[in-house]
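Chemist: Input: one structure, supplied below.
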Amino acid sequence: MGWYGKLIGAILGAIIGRGLLGAIVGFLIGHQFDRRARSGGPAVGGHRRAISHGFFRATFQVMGHVAKSDGRVTAQEIDAARAVMRRFSLGEDDVRRAIDFYTEGKRADFPLESVLADLSASVAGRSDLRRLFVQIQLEASMLGGGLNPPTRAVFARMCAALGISAAEFAALEAMLRMHAHGRGSGPGQARSAPSRLADAYQVLGVAASASDRDVKLAYRRLMSQNHPDKLVANGLPASMIEAAHERTRSIIEAYEAIRDSRGMK
């Protein structure tokens with residue numbers, strides 16, 4: 001598996017850098033990742049795989065639980081879960097596993113807090129993975145018809161278990177509203193320019209009164225924290241890398257909206 005980091009790094013570098021130079025940079029990053037993995041021995045690779053498997057299982061279990069939170073799972077919510085599976089380009093075996101996990105999550109006795117406690121323990125201090133987990137759940141809920149009171153109550157329990165603050169959750173919600181606006185569909189479609197700009201500030205976690213310097217620092221910090229190859233190295237399942245790319249695109253979109261409104265260079 002000494003080639004795994006190089007392959008992932010080269011692919012991500014080509015996507016992010018849009019060309020050969022990005023691929024070369026990504027290859028070098030991946031090479032360093034492989035060296036670290038080898039130096040840590042089998043235990044490091046085994047721990048990373050355990051995080052990846054646990055993240056995958058919890059993602060679809062909790063998605064099923066959120067969908068059932070108001071008493072019934074609608075056709076739109078099922079379509080939303082299938083859309084997530086397609087976006088992750090899951091193979092046949094993984095699709096079957098995801099469906100089984102989703103079905104488990106719909107059970108009346110599904111132990112949400114226990115599953116989230118296990119996930120939180122496995123990712124330890126990796127707040128980037130915890131935020132991405134909530135992002136995936138939030139996007140599925142929005143695609144499935146939006147957030148009603150029972151669903152929001154489940155998200156409150158989810159955030160409490162994973163140590164996600166109300167401000168972080170609001171930033172994720174704003175990010176997905178901006179993303180929907182960019183696609184020209186969904187709940188963000190008709191949002192006004194001032195509302196979209198307010199969402200942009202919330203995505204970066206800064207006030208509208210923040211200085212240009214603080215806006216740039218917030219943007220750079222978020223891009224560093226949410227870099228896709230860093231998330232994969234921390235245990236994100238490779239199939240879910242598109243969610244990480246979506247997050248970085250939204251951070252860039254938010255920064256560009258603020259930069260344009262201020263005339264920043």
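In the structure tokens, chains take letters A, B, ... by order of appearance, with residues numbered from 1 within each chain and ligands from 1 in the order shown.
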Please, which residues in stretch 54-85 of chain A fall within 8 Å of stretch 91-106 of chain A when counting only C-alpha atoms, and what is the closest atom pair and distance in Å to one decimal for each, ordered by chain then residue number, as a tab-separated table?
Modeler:
```
residue	atom	partner	partner_atom	distance
A:Phe56	CA	A:Ala98	CA	7.9
A:Arg57	CA	A:Phe101	CA	6.2
A:Ala58	CA	A:Phe101	CA	7.8
A:Phe60	CA	A:Tyr102	CA	4.8
A:Gln61	CA	A:Gly105	CA	4.2
A:Val62	CA	A:Gly105	CA	5.7
A:Met63	CA	A:Tyr102	CA	6.4
A:Gly64	CA	A:Tyr102	CA	4.4
A:His65	CA	A:Gly105	CA	4.4
A:Ala67	CA	A:Lys106	CA	7.5
A:Lys68	CA	A:Lys106	CA	5.6
A:Met85	CA	A:Val95	CA	6.8
```
Chemist: List as a PDB file with all heavy atoms, in the first residue's frame the protein and nucleic acid residues near stretch 210-225 of chain A, meaning an atom at most 8 Å away when only C-alpha atoms are counted, but skip any in the same chain fewer than 6 places from it.
Modeler:
```pdb
ATOM      1  N   ASP A 128     -12.085  18.449  11.937  1.00  0.00           N
ATOM      2  CA  ASP A 128     -12.422  18.559  10.525  1.00  0.00           C
ATOM      3  C   ASP A 128     -13.319  17.405  10.077  1.00  0.00           C
ATOM      4  O   ASP A 128     -14.288  17.607   9.335  1.00  0.00           O
ATOM      5  CB  ASP A 128     -11.154  18.614   9.669  1.00  0.00           C
ATOM      6  CG  ASP A 128     -10.127  17.536  10.029  1.00  0.00           C
ATOM      7  OD1 ASP A 128     -10.407  16.709  10.912  1.00  0.00           O
ATOM      8  OD2 ASP A 128      -9.037  17.537   9.417  1.00  0.00           O
ATOM      9  N   LEU A 204     -17.360  31.812   6.608  1.00  0.00           N
ATOM     10  CA  LEU A 204     -15.976  32.075   7.027  1.00  0.00           C
ATOM     11  C   LEU A 204     -15.849  32.283   8.535  1.00  0.00           C
ATOM     12  O   LEU A 204     -14.735  32.309   9.065  1.00  0.00           O
ATOM     13  CB  LEU A 204     -15.418  33.304   6.304  1.00  0.00           C
ATOM     14  CG  LEU A 204     -15.244  33.201   4.789  1.00  0.00           C
ATOM     15  CD1 LEU A 204     -14.434  34.386   4.271  1.00  0.00           C
ATOM     16  CD2 LEU A 204     -14.591  31.896   4.363  1.00  0.00           C
ATOM     17  N   THR A 248     -14.519  22.812   0.314  1.00  0.00           N
ATOM     18  CA  THR A 248     -13.504  23.791  -0.083  1.00  0.00           C
ATOM     19  C   THR A 248     -14.050  24.725  -1.164  1.00  0.00           C
ATOM     20  O   THR A 248     -13.746  25.928  -1.157  1.00  0.00           O
ATOM     21  CB  THR A 248     -12.227  23.099  -0.588  1.00  0.00           C
ATOM     22  OG1 THR A 248     -12.536  22.199  -1.665  1.00  0.00           O
ATOM     23  CG2 THR A 248     -11.561  22.318   0.526  1.00  0.00           C
ATOM     24  N   ILE A 251     -16.088  27.343   0.601  1.00  0.00           N
ATOM     25  CA  ILE A 251     -15.254  28.317   1.299  1.00  0.00           C
ATOM     26  C   ILE A 251     -14.700  29.339   0.293  1.00  0.00           C
ATOM     27  O   ILE A 251     -14.697  30.547   0.543  1.00  0.00           O
ATOM     28  CB  ILE A 251     -14.107  27.608   2.046  1.00  0.00           C
ATOM     29  CG1 ILE A 251     -14.675  26.759   3.198  1.00  0.00           C
ATOM     30  CG2 ILE A 251     -13.097  28.623   2.587  1.00  0.00           C
ATOM     31  CD1 ILE A 251     -13.669  25.799   3.810  1.00  0.00           C
ATOM     32  N   ILE A 252     -14.251  28.844  -0.856  1.00  0.00           N
ATOM     33  CA  ILE A 252     -13.747  29.736  -1.904  1.00  0.00           C
ATOM     34  C   ILE A 252     -14.864  30.662  -2.400  1.00  0.00           C
ATOM     35  O   ILE A 252     -14.660  31.871  -2.576  1.00  0.00           O
ATOM     36  CB  ILE A 252     -13.172  28.921  -3.078  1.00  0.00           C
ATOM     37  CG1 ILE A 252     -11.915  28.171  -2.631  1.00  0.00           C
ATOM     38  CG2 ILE A 252     -12.861  29.830  -4.277  1.00  0.00           C
ATOM     39  CD1 ILE A 252     -11.411  27.146  -3.637  1.00  0.00           C
ATOM     40  N   TYR A 255     -15.525  33.377   0.168  1.00  0.00           N
ATOM     41  CA  TYR A 255     -14.469  34.391   0.174  1.00  0.00           C
ATOM     42  C   TYR A 255     -14.576  35.302  -1.044  1.00  0.00           C
ATOM     43  O   TYR A 255     -14.426  36.531  -0.934  1.00  0.00           O
ATOM     44  CB  TYR A 255     -13.106  33.708   0.201  1.00  0.00           C
ATOM     45  CG  TYR A 255     -11.944  34.674   0.101  1.00  0.00           C
ATOM     46  CD1 TYR A 255     -11.656  35.555   1.139  1.00  0.00           C
ATOM     47  CD2 TYR A 255     -11.155  34.711  -1.052  1.00  0.00           C
ATOM     48  CE1 TYR A 255     -10.604  36.453   1.041  1.00  0.00           C
ATOM     49  CE2 TYR A 255     -10.105  35.608  -1.154  1.00  0.00           C
ATOM     50  CZ  TYR A 255      -9.830  36.471  -0.108  1.00  0.00           C
ATOM     51  OH  TYR A 255      -8.803  37.371  -0.203  1.00  0.00           O
ATOM     52  N   MET A 264     -11.868  43.946  -2.653  1.00  0.00           N
ATOM     53  CA  MET A 264     -10.544  43.519  -2.201  1.00  0.00           C
ATOM     54  C   MET A 264      -9.734  42.949  -3.367  1.00  0.00           C
ATOM     55  O   MET A 264     -10.291  42.409  -4.306  1.00  0.00           O
ATOM     56  CB  MET A 264     -10.680  42.435  -1.108  1.00  0.00           C
ATOM     57  CG  MET A 264     -11.281  42.927   0.180  1.00  0.00           C
ATOM     58  SD  MET A 264     -11.818  41.553   1.263  1.00  0.00           S
ATOM     59  CE  MET A 264     -10.331  40.561   1.379  1.00  0.00           C
TER      60      MET A 264
END
```
Chemist: Measure the distance from atom CA of A:Thr151 to atom CA of A:Gln137 in Å and round it to one decimal.
Modeler: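 Separation between atom CA of A:Thr151 and atom CA of A:Gln137: 10.6 Å.
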Chemist: I'd like the contact shell of A:Val134 - 10 Å cut-off, only C-alpha atoms, skipping same-chain residues fewer than 4 positions apart - returned as a list in words.
Modeler: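 Within the cut-off, the hits are Thr59, Val62, Met63, Leu129, Arg130, Leu138, Glu139, Ala140, Phe155, Met158, Cys159, Leu162, Ile164, Glu168, Phe169, Leu172 and Glu173 of chain A.
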Chemist: Would you output that residue set with N, CA, C and O atoms, as a PDB file, in the first residue's frame?
Modeler:
```
ATOM      1  N   THR A  59     -22.120   7.235   8.991  1.00  0.00           N
ATOM      2  CA  THR A  59     -22.728   8.178   8.051  1.00  0.00           C
ATOM      3  C   THR A  59     -24.101   7.710   7.608  1.00  0.00           C
ATOM      4  O   THR A  59     -25.087   8.462   7.664  1.00  0.00           O
ATOM      5  N   VAL A  62     -26.753   7.094  10.686  1.00  0.00           N
ATOM      6  CA  VAL A  62     -27.316   8.348  11.196  1.00  0.00           C
ATOM      7  C   VAL A  62     -28.214   9.004  10.139  1.00  0.00           C
ATOM      8  O   VAL A  62     -29.235   9.602  10.471  1.00  0.00           O
ATOM      9  N   MET A  63     -27.862   8.877   8.864  1.00  0.00           N
ATOM     10  CA  MET A  63     -28.698   9.419   7.799  1.00  0.00           C
ATOM     11  C   MET A  63     -30.091   8.777   7.827  1.00  0.00           C
ATOM     12  O   MET A  63     -31.106   9.466   7.667  1.00  0.00           O
ATOM     13  N   LEU A 129     -13.027  16.193  10.548  1.00  0.00           N
ATOM     14  CA  LEU A 129     -13.854  15.040  10.193  1.00  0.00           C
ATOM     15  C   LEU A 129     -15.235  15.124  10.834  1.00  0.00           C
ATOM     16  O   LEU A 129     -16.232  14.745  10.223  1.00  0.00           O
ATOM     17  N   ARG A 130     -15.302  15.633  12.065  1.00  0.00           N
ATOM     18  CA  ARG A 130     -16.600  15.763  12.724  1.00  0.00           C
ATOM     19  C   ARG A 130     -17.484  16.759  11.987  1.00  0.00           C
ATOM     20  O   ARG A 130     -18.674  16.528  11.788  1.00  0.00           O
ATOM     21  N   LEU A 138     -26.384  17.065   6.948  1.00  0.00           N
ATOM     22  CA  LEU A 138     -27.176  18.267   6.698  1.00  0.00           C
ATOM     23  C   LEU A 138     -27.568  18.361   5.231  1.00  0.00           C
ATOM     24  O   LEU A 138     -28.710  18.710   4.893  1.00  0.00           O
ATOM     25  N   GLU A 139     -26.638  18.050   4.355  1.00  0.00           N
ATOM     26  CA  GLU A 139     -26.950  18.102   2.924  1.00  0.00           C
ATOM     27  C   GLU A 139     -28.025  17.075   2.563  1.00  0.00           C
ATOM     28  O   GLU A 139     -28.945  17.379   1.791  1.00  0.00           O
ATOM     29  N   ALA A 140     -27.923  15.860   3.106  1.00  0.00           N
ATOM     30  CA  ALA A 140     -28.941  14.843   2.829  1.00  0.00           C
ATOM     31  C   ALA A 140     -30.307  15.304   3.321  1.00  0.00           C
ATOM     32  O   ALA A 140     -31.326  15.088   2.645  1.00  0.00           O
ATOM     33  N   PHE A 155     -30.355  16.940  15.057  1.00  0.00           N
ATOM     34  CA  PHE A 155     -29.098  17.620  14.768  1.00  0.00           C
ATOM     35  C   PHE A 155     -28.513  18.266  16.028  1.00  0.00           C
ATOM     36  O   PHE A 155     -27.282  18.316  16.195  1.00  0.00           O
ATOM     37  N   MET A 158     -26.856  15.517  17.768  1.00  0.00           N
ATOM     38  CA  MET A 158     -25.670  15.138  17.003  1.00  0.00           C
ATOM     39  C   MET A 158     -24.523  16.105  17.274  1.00  0.00           C
ATOM     40  O   MET A 158     -23.383  15.684  17.536  1.00  0.00           O
ATOM     41  N   CYS A 159     -24.806  17.397  17.216  1.00  0.00           N
ATOM     42  CA  CYS A 159     -23.766  18.401  17.431  1.00  0.00           C
ATOM     43  C   CYS A 159     -23.231  18.353  18.861  1.00  0.00           C
ATOM     44  O   CYS A 159     -22.024  18.508  19.089  1.00  0.00           O
ATOM     45  N   LEU A 162     -20.848  15.419  19.130  1.00  0.00           N
ATOM     46  CA  LEU A 162     -19.609  15.543  18.366  1.00  0.00           C
ATOM     47  C   LEU A 162     -18.830  16.813  18.693  1.00  0.00           C
ATOM     48  O   LEU A 162     -17.777  17.063  18.105  1.00  0.00           O
ATOM     49  N   ILE A 164     -19.781  19.965  18.152  1.00  0.00           N
ATOM     50  CA  ILE A 164     -19.961  20.991  17.127  1.00  0.00           C
ATOM     51  C   ILE A 164     -20.792  22.118  17.733  1.00  0.00           C
ATOM     52  O   ILE A 164     -21.905  21.890  18.211  1.00  0.00           O
ATOM     53  N   GLU A 168     -20.771  26.796  14.506  1.00  0.00           N
ATOM     54  CA  GLU A 168     -20.251  25.915  13.453  1.00  0.00           C
ATOM     55  C   GLU A 168     -21.390  25.308  12.647  1.00  0.00           C
ATOM     56  O   GLU A 168     -21.311  25.206  11.414  1.00  0.00           O
ATOM     57  N   PHE A 169     -22.477  24.907  13.331  1.00  0.00           N
ATOM     58  CA  PHE A 169     -23.617  24.347  12.625  1.00  0.00           C
ATOM     59  C   PHE A 169     -24.260  25.400  11.723  1.00  0.00           C
ATOM     60  O   PHE A 169     -24.626  25.118  10.580  1.00  0.00           O
ATOM     61  N   LEU A 172     -22.241  25.747   8.613  1.00  0.00           N
ATOM     62  CA  LEU A 172     -22.493  24.643   7.678  1.00  0.00           C
ATOM     63  C   LEU A 172     -23.807  24.849   6.938  1.00  0.00           C
ATOM     64  O   LEU A 172     -23.888  24.616   5.720  1.00  0.00           O
ATOM     65  N   GLU A 173     -24.821  25.277   7.663  1.00  0.00           N
ATOM     66  CA  GLU A 173     -26.124  25.516   7.042  1.00  0.00           C
ATOM     67  C   GLU A 173     -26.025  26.646   6.020  1.00  0.00           C
ATOM     68  O   GLU A 173     -26.583  26.555   4.914  1.00  0.00           O
TER      69      GLU A 173
END
```
Chemist: Nearest residue to A:Pro111 out of A:Lys265, A:Arg259, A:His227, A:Arg157, using only C-alpha atoms?
Modeler: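 Counting only C-alpha atoms, the residue closest to A:Pro111 is A:Arg157.
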Chemist: I'd like the neighbourhood of A:Leu197 as a PDB file with C-alpha atoms, in the first residue's frame, where a residue qualifies if any of its atoms comes within 8 Å (using only C-alpha atoms), though same-chain residues fewer than 6 positions away should be ignored.
Modeler:
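What follows is the written file part-v5.pdb:
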```pdb
ATOM      1  CA  ALA A 254     -17.846  32.631   0.235  1.00  0.00           C
ATOM      2  CA  ALA A 257     -18.417  36.929  -2.610  1.00  0.00           C
ATOM      3  CA  ILE A 258     -16.981  38.970   0.290  1.00  0.00           C
TER       4      ILE A 258
END
```
Chemist: Which residues are close to A:Val203, i.e. within 7 Å by only C-alpha atoms, leaving aside same-chain residues fewer than 2 positions away? Reply as a list in words.
Modeler: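 Near A:Val203, the qualifying residues are Ala171, Leu172, Ala174, Met175, Asp199, Ala200, Tyr201, Gly205, Ile251 and Ala254 of chain A.
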Chemist: Could you go through stretch 23-265 of chain A and tell me which residues DSSP, when run on the backbone, assigns to helix (DSSP H, G or I), listing them as JSON, numbers by chain?
Modeler: {"A": [23, 24, 25, 26, 27, 28, 29, 30, 31, 32, 33, 34, 35, 36, 37, 38, 39, 40, 42, 43, 44, 45, 46, 47, 48, 49, 50, 51, 52, 53, 54, 55, 56, 57, 58, 59, 60, 61, 62, 63, 64, 65, 66, 67, 75, 76, 77, 78, 79, 80, 81, 82, 83, 84, 85, 86, 87, 92, 93, 94, 95, 96, 97, 98, 99, 100, 101, 102, 103, 104, 105, 112, 113, 114, 115, 116, 117, 118, 119, 120, 121, 122, 123, 127, 128, 129, 130, 131, 132, 133, 134, 135, 136, 137, 138, 139, 140, 141, 142, 143, 149, 150, 151, 152, 153, 154, 155, 156, 157, 158, 159, 160, 161, 162, 166, 167, 168, 169, 170, 171, 172, 173, 174, 175, 176, 177, 178, 179, 180, 181, 182, 183, 193, 194, 195, 196, 197, 198, 199, 200, 201, 202, 203, 204, 212, 213, 214, 215, 216, 217, 218, 219, 220, 221, 222, 223, 224, 225, 228, 229, 230, 231, 232, 233, 238, 239, 240, 241, 242, 243, 244, 245, 246, 247, 248, 249, 250, 251, 252, 253, 254, 255, 256, 257, 258, 259, 260, 261, 262]}
Chemist: Measuring between only C-alpha atoms, which one of A:Ala207, A:Gly144, A:Arg262, A:Ala160 shows the shortest distance to A:Val84?
Modeler: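 The answer is A:Gly144, which sits nearest to A:Val84.
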Chemist: Find the residue from A:Phe133, A:Gly71, A:Ala156, A:Ala117 that sits nearest to A:Phe55; use only C-alpha atoms when measuring.
Modeler: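 Checking each candidate against A:Phe55, we get A:Phe133 as the closest.
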Chemist: May I ask which of the residues A:Ile78, A:Ala161, A:Ala208, A:Ala170 is the closest one to A:Asp118, counting only C-alpha atoms?
Modeler: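 Of A:Ile78, A:Ala161, A:Ala208, A:Ala170, the one nearest A:Asp118 is A:Ala161, counting only C-alpha atoms.
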